[in-house]
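All remarks here apply to the structure that follows.
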Amino acid sequence: MIVHLKGRLDSTGIDHAVIDVGGVGYLVGASARTLSALGPIGEACTVFTELLVGEDFQRLVGFSSADERDWFRLLTAVQGVGARVALAILSALEPVDLSRAIASGDKAMVARANGVGPKLAQRIVMELKDKVGGIALGLGPAVVNAAPGASADAVSALLNLGFRPNEASVAVAAADEELGPAASLDALVRLALRKASKS
C-alpha cells in the first residue's frame, strides 16, 4: 500500500499531477485544492495517497494532507459517491468547511460541488453526520483557541497513533478547552491522550 510520495513535482493537469520519485513518475489524481498546494513544477513536494483498485484499473489519488485523504475515504464510503465526485467536493470545500457543513446538516453547501445534486448532498450529510460530529468539534473552536495549527496537528498525531477521527477530535477539543489558547502542541497531545484513554 502506497501511503505517501515524496519527490519532485514533474507536471500537473486539470485533475492530476506527476510526481517524480527517484526517477519514477507517479501519476496521481488530485483535487484542485491539492494541485494548488503542491507548489511550483520542479520543486520538492509530498502527497498523501490512496490506491484505488478495480477489476481493470489501478489508480493513485493524491492529497495535500492526511486530513483531506481521510475525508476522501469517508466520502467514497457513501453510496453514489465515487472518486471523481469526492474530489469535486474536496475541490469546492476545505476539510474544516466540509466538516462543519455535515455536522450542521448544511446540504446546500455540500451541493456546491460539481456533480453533487440535492439528493446526493442529503445522503452525504445523513450518512456522515454521526461519523464526523467529533471531527467538526475538533476543527471548530479548538482551532480558533489554540496556537495556530496546534489542534489540527494534535488531531493528526492521535490519528497516527491509531485513534479513530471522532475519538481524536473530541479528545483534542476537550484538551484545548482545558489548556486555553497558549497551549503547546506537546501539551495538547499529552492531555488529549489522557482524555482519550479515559473515554
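Each chain in the C-alpha cells gets a letter, A, B and so on, in the order shown; residues start at 1 in every chain, and ligands are counted from 1 in the order they appear.
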Could you pull the residues within 6 Å of range 59-65 of chain A, counting only C-alpha atoms, minus those fewer than 6 positions along the same chain, as a PDB file with N, CA and C atoms, in the first residue's frame?
ATOM      1  N   VAL A  28      -0.868  10.847 -10.211  1.00  0.00           N
ATOM      2  CA  VAL A  28      -1.838  10.843  -9.118  1.00  0.00           C
ATOM      3  C   VAL A  28      -2.991  11.784  -9.441  1.00  0.00           C
ATOM      4  N   GLY A  29      -4.210  11.291  -9.309  1.00  0.00           N
ATOM      5  CA  GLY A  29      -5.372  12.152  -9.436  1.00  0.00           C
ATOM      6  C   GLY A  29      -5.412  13.063  -8.221  1.00  0.00           C
ATOM      7  N   ALA A  30      -5.981  14.256  -8.368  1.00  0.00           N
ATOM      8  CA  ALA A  30      -5.985  15.191  -7.246  1.00  0.00           C
ATOM      9  C   ALA A  30      -7.087  16.228  -7.394  1.00  0.00           C
ATOM     10  N   THR A  34      -5.677  20.422  -3.809  1.00  0.00           N
ATOM     11  CA  THR A  34      -4.379  19.757  -3.649  1.00  0.00           C
ATOM     12  C   THR A  34      -3.393  20.226  -4.706  1.00  0.00           C
ATOM     13  N   VAL A  47       2.840  14.201  -1.225  1.00  0.00           N
ATOM     14  CA  VAL A  47       1.400  13.970  -1.328  1.00  0.00           C
ATOM     15  C   VAL A  47       1.052  12.700  -0.555  1.00  0.00           C
ATOM     16  N   PHE A  48      -0.038  12.772   0.176  1.00  0.00           N
ATOM     17  CA  PHE A  48      -0.594  11.588   0.832  1.00  0.00           C
ATOM     18  C   PHE A  48      -1.456  10.895  -0.215  1.00  0.00           C
ATOM     19  N   THR A  49      -1.428   9.577  -0.244  1.00  0.00           N
ATOM     20  CA  THR A  49      -2.072   8.875  -1.355  1.00  0.00           C
ATOM     21  C   THR A  49      -3.047   7.799  -0.906  1.00  0.00           C
ATOM     22  N   GLU A  50      -3.962   7.514  -1.814  1.00  0.00           N
ATOM     23  CA  GLU A  50      -4.908   6.405  -1.662  1.00  0.00           C
ATOM     24  C   GLU A  50      -4.864   5.619  -2.965  1.00  0.00           C
ATOM     25  N   LEU A  51      -4.661   4.318  -2.881  1.00  0.00           N
ATOM     26  CA  LEU A  51      -4.614   3.474  -4.072  1.00  0.00           C
ATOM     27  C   LEU A  51      -5.994   2.879  -4.317  1.00  0.00           C
ATOM     28  N   LEU A  52      -6.567   3.209  -5.474  1.00  0.00           N
ATOM     29  CA  LEU A  52      -7.866   2.665  -5.857  1.00  0.00           C
ATOM     30  C   LEU A  52      -7.636   1.493  -6.800  1.00  0.00           C
TER      31      LEU A  52
END
For this session: Tell me which protein, DNA and RNA residues are within 7 Å of Leu9 in chain A, counting only C-alpha atoms, leaving out same-chain ones fewer than 6 positions away, and put them as a PyMOL selection string.
Result: chain A and resi 18-20+41-45
For this session: Can you pull out every residue within 12 Å of Leu98 in chain A, counting only C-alpha atoms, but drop anything in the same chain fewer than 2 positions away, and send it as a PyMOL selection string?
Result: chain A and resi 67-68+71-72+74-75+86+89-96+100-113+121+124-125+128-129+132-133+135-136+139-140
For this session: Can you list, as number ranges by chain, all residues belonging to range 6-169 of chain A that DSSP tags as strand (DSSP E)?
Result: A: 6-12, 16-21, 24-30, 44-53, 58-63
Exercise. From the set A:Arg190, A:Ser11, A:Ala157, A:Lys195, which residue has the shortest atom-to-atom contact distance to Ala171 in chain A, counting only C-alpha atoms?
Worked result: A:Lys195
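From CA of Glu55 in chain A back to CA of Leu5 in chain A, the distance works out to 24.3 Å.
Counting from CA of Leu158 in chain A, the distance to CA of Ala192 in chain A is 8.2 Å.
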Problem set entry | Minimum-distance residue to Arg33 in chain A, chosen among A:Ala83, A:Val155, A:Thr76, A:Ile14 (using only C-alpha atoms) |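 Ranked by minimum distance to Arg33 in chain A, first place goes to A:Ile14.
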